[in-house]
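K.L.:
Dropping the structure in here first, questions after.
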Amino acid sequence: MKETSRPSQPQTTERGQWANKTEFMLACAGNIIGLGNVWRFPYLCYKNGGGAFFLPYIIFLLTCGVPLFFLETSLGQYTSQGAITSWRRICPLFEGLGYGTQMVVFYSGVYYIVILAWALLYLFFSFSSTLPWTSCQNSWNTAECFEQGQNISTGNASSSVTEFWERRILGLSPGIEDMGSVRWDLALCLLLAWILCYFCVWKGVKSTGKVVYFTATFPYVMLLVLLVRGLTLPGAIDGIRFYLYPNPARLTDPQVWMDAGSQILFSYAVCSGVLIALGSYNNYNNNCYRDCIYLCLLNSLTSFVAGLAIFSVLGFMASELGTDISTVAESGPGLAFIAYPRAVAMMPLPQLWAIFFFIMIILLGLDSEFVYIEGLLSAISDLKPSFFHVGHRRKLLLLGLSVLSFLIGLLIVTEGGLYIFHLFDYYAASGIPIMFFAIFYSICVGWVYGADQYYDNIQDMIGYRPLPFMKYCWRYITPATCTGTLLFSLVKYTPLKFKNIYVYPSWGYAIGVVFVLSSSLMVPVWMVYATVTTPGTFRQVHTW
């Protein structure tokens with residue numbers, strides 16, 4: 001008869017636990033509810049058929065997002081281990097999943113925090129008597145600069161908002177070949193961001209569990225304020241209509257389904273191992289199944305509401321400019337640092353709304369960032385708990401990771417740093433590696449370890465067996481869906497182009513390939529290594 005009780009955990013008390021369920025829920029919410037909800041989902045929704053986009057989004061949510069989210073949080077809770085040793089406990093042959101996901105987490109931590117540096121610098125400028133991105137009378141402006149409302153007399157004209165972003169904040173160089181010098185004001189903001197993250201994590205869940213009460217909840221206050229303000233602006237209804245008006249014909253485009261799948265995996269932070277780390281600090285009998293359902297609903301609802309807040313303001317801006325909303329709608333950094341600052345400049349009390357917006361961006365990014373670091377720290381320290389869980393060694397490990405990441409991050413705050421940023425974003429931290437891991441997650445739990453046995457483990461924790469839908473997803477639906485999506489992305493792959501214009505040199509694309517392979521190859525390489533070095537039969541190697 002298969003054993004269903006919890007593995008022995010001599011180090012549980014040393015690792016610590018959440019003081020209560022609220023801390024776990026807020027930490028998970030802070031991890032999954034981030035910048036993707038604000039600057040990626042609304043853009044994908046309007047681009048891919050408005051309200052019709054919700055159909056593929058919900059399908060991927062139910063077949064990939066929720067099952068993988070539940071798999072990770074329950075695995076961490078069952079093993080009380082981080083992202084590497086949890087796989088070692090249930091299936092040593094798949095331990096490479098832990099190493100691969102932590103490579104992705106490390107890459108994410110290095111580049112994601114640069115967004116906080118940008119937002120911090122914008123926040124400091126927002127306290128000026130006149131918002132500096134509204135004027136062309138600054139030292140960084142060119143002769144082609146035009147202010148809001150001015151007639152454009154040349155085809156080479158650039159707005160004051162764009163010039164502030166590219167020339168004052170970034171000092172953007174012509175290409176990655178010209179990295180230029182470090183932007184020291186950005187470097188200081190990056191240092192400040194890392195100091196904040198360090199002290200959010202330095203005492204483990206004791207400090208993280210307290211910080212999330214503010215960082216995970218206050219962005220909702222800011223989002224609510226911006227939503228109410230946006231809905232009261234003229235032209236807001238046109239923006240919301242543009243955001244949600246359904247175009248069912250778009251559902252015949254495979255790219256729409258690809259975008260829905262990638263958004264689910266991206267926004268739910270699955271297959272990064274961070275959810276395993278957060279779940280590992282739970283009480284063994286916590287009802288992680290119910291928590292998973294609530295958190296997934298909260299995440300998707302937040303994305304929807306953020307879209308209302310963003311597109312109501314974009315509708316106002318389009319109305320003021322007398323142009324179509326499609327000409328002002330952007331995603332990613334373009335929304336946060338060009339489109340939205342341009343919109344708040346047209347409002348009464350623009351400094352106030354700029355401050356609110358950038359505080360929201362900073363807090364959304366901050367809790368995602370320090371949860372990344374907590375997940376990576378847990379994964380490493382659990383490899384040698386007898387060493388890292390003694391004295392201040394865990395804090396020193398955190399300091400070492402922070403310093404290393406900061407030094408690498410200095411490359412991204414150079415004049416050519418934005419090109420590096422996009423390499424990280426396009427190759428290292430999303431897309432192919434995440435889908436690859438999702439397939440192997442499902443194969444490992446659904447087939448190798450056994451979905452029925454895993455359901456026995458879950459019943460031992462929460463007292464009942466979840467609906468069999470999750471089990472069927474792990475076995476069939478999730479791996480099939482992710483495999484199809486991965487194959488489609490490979491067939492339709494197009495090399496990264498900056499602004500769809502600038503083509504990277506061959507060595508730039510080579511860096512991107514290294515990012516992908518350095519994480520993805522951990523799985524097969526570890527399988528070969530474990531099979532060759534572990535004594536016993538093949539079945540003994542891949543079962544615990």
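Going by the structure tokens order, chains are called A, B, ..., each with residues numbered from 1, while ligands are numbered from 1 in the order shown.
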Could you give me, as a PyMOL selection string, the residues within 9 Å of range 313-327 of chain A, counting only C-alpha atoms and dropping anything in the same chain fewer than 5 positions from it?
P.N.:
chain A and resi 47+148-149+226-227+229-231+233-240+242+308+339-340+342-344+346
K.L.:
With range 126-139 of chain A as the partner and 7 Å as the cut-off, tabulate the residues of range 280-356 of chain A that qualify, each row holding the nearest pair of atoms and their distance in Å to one decimal, using only C-alpha atoms, sorted by chain and rising number, as a Markdown table.
P.N.:
```
| residue | atom | partner | partner_atom | distance |
| --- | --- | --- | --- | --- |
| A:Ala345 | CA | A:Thr134 | CA | 6.7 |
| A:Gln351 | CA | A:Ser126 | CA | 5.5 |
| A:Ala354 | CA | A:Ser126 | CA | 6.1 |
| A:Ile355 | CA | A:Ser126 | CA | 6.0 |
```
K.L.:
When DSSP is applied to the backbone of this structure, which of range 324-489 of chain A are assigned alpha helix (DSSP H)? Write them out as a VMD selection string.
P.N.:
chain A and resid 333 to 334 340 to 344 350 to 381 385 to 388 393 to 409 417 to 423 432 to 443 451 to 462 469 to 472 478 to 489
K.L.:
For Asp367 in chain A, which residue out of A:Ser262, A:Asn31, A:Thr63, A:Ser506 is the nearest one, using only C-alpha atoms?
P.N.:
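Nearest candidate to Asp367 in chain A out of A:Ser262, A:Asn31, A:Thr63, A:Ser506: A:Asn31.
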K.L.:
One decimal, in Å: what's the spacing between CA of Thr85 in chain A and CA of Asp382 in chain A?
P.N.:
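Here the two named atoms are 6.7 Å from each other.
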K.L.:
Would you kindly return, as a PyMOL selection string, each protein, DNA or RNA residue with an atom no farther than 12 Å from any atom of Phe266 in chain A, considering only C-alpha atoms and excluding same-chain residues fewer than 6 positions away?
P.N.:
chain A and resi 31-37+40-41+60-61+64-65+69+108+259-260+272+299+425-426+429-435+438
K.L.:
List as a list in words the protein and nucleic acid residues near range 514-522 of chain A, meaning an atom at most 9 Å away when only C-alpha atoms are counted, but skip any in the same chain fewer than 3 places from it.
P.N.:
Glu95, Gly96, Leu97, Gly98, Tyr99, Gly100, Thr101, Gln102, Met103, Val104, Tyr107, Leu423, Phe424, Tyr427, Ala428, Ala429, Ile432, Pro433, Ile434, Phe436, Phe437, Tyr509, Ala510, Ile511, Val525, Trp526 and Met527 of chain A
K.L.:
When you count only C-alpha atoms, which of these residues is closest to Phe388 in chain A: A:Tyr504, A:Ser173, A:Tyr112, A:Arg15?
P.N.:
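Closest candidate: A:Arg15.
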K.L.:
Asp253 in chain A: which residues within 12 Å, counting only C-alpha atoms, same-chain residues fewer than 2 positions away excluded, as a ChimeraX atom specification?
P.N.:
/A:47-49,52-53,56,247-251,255-260
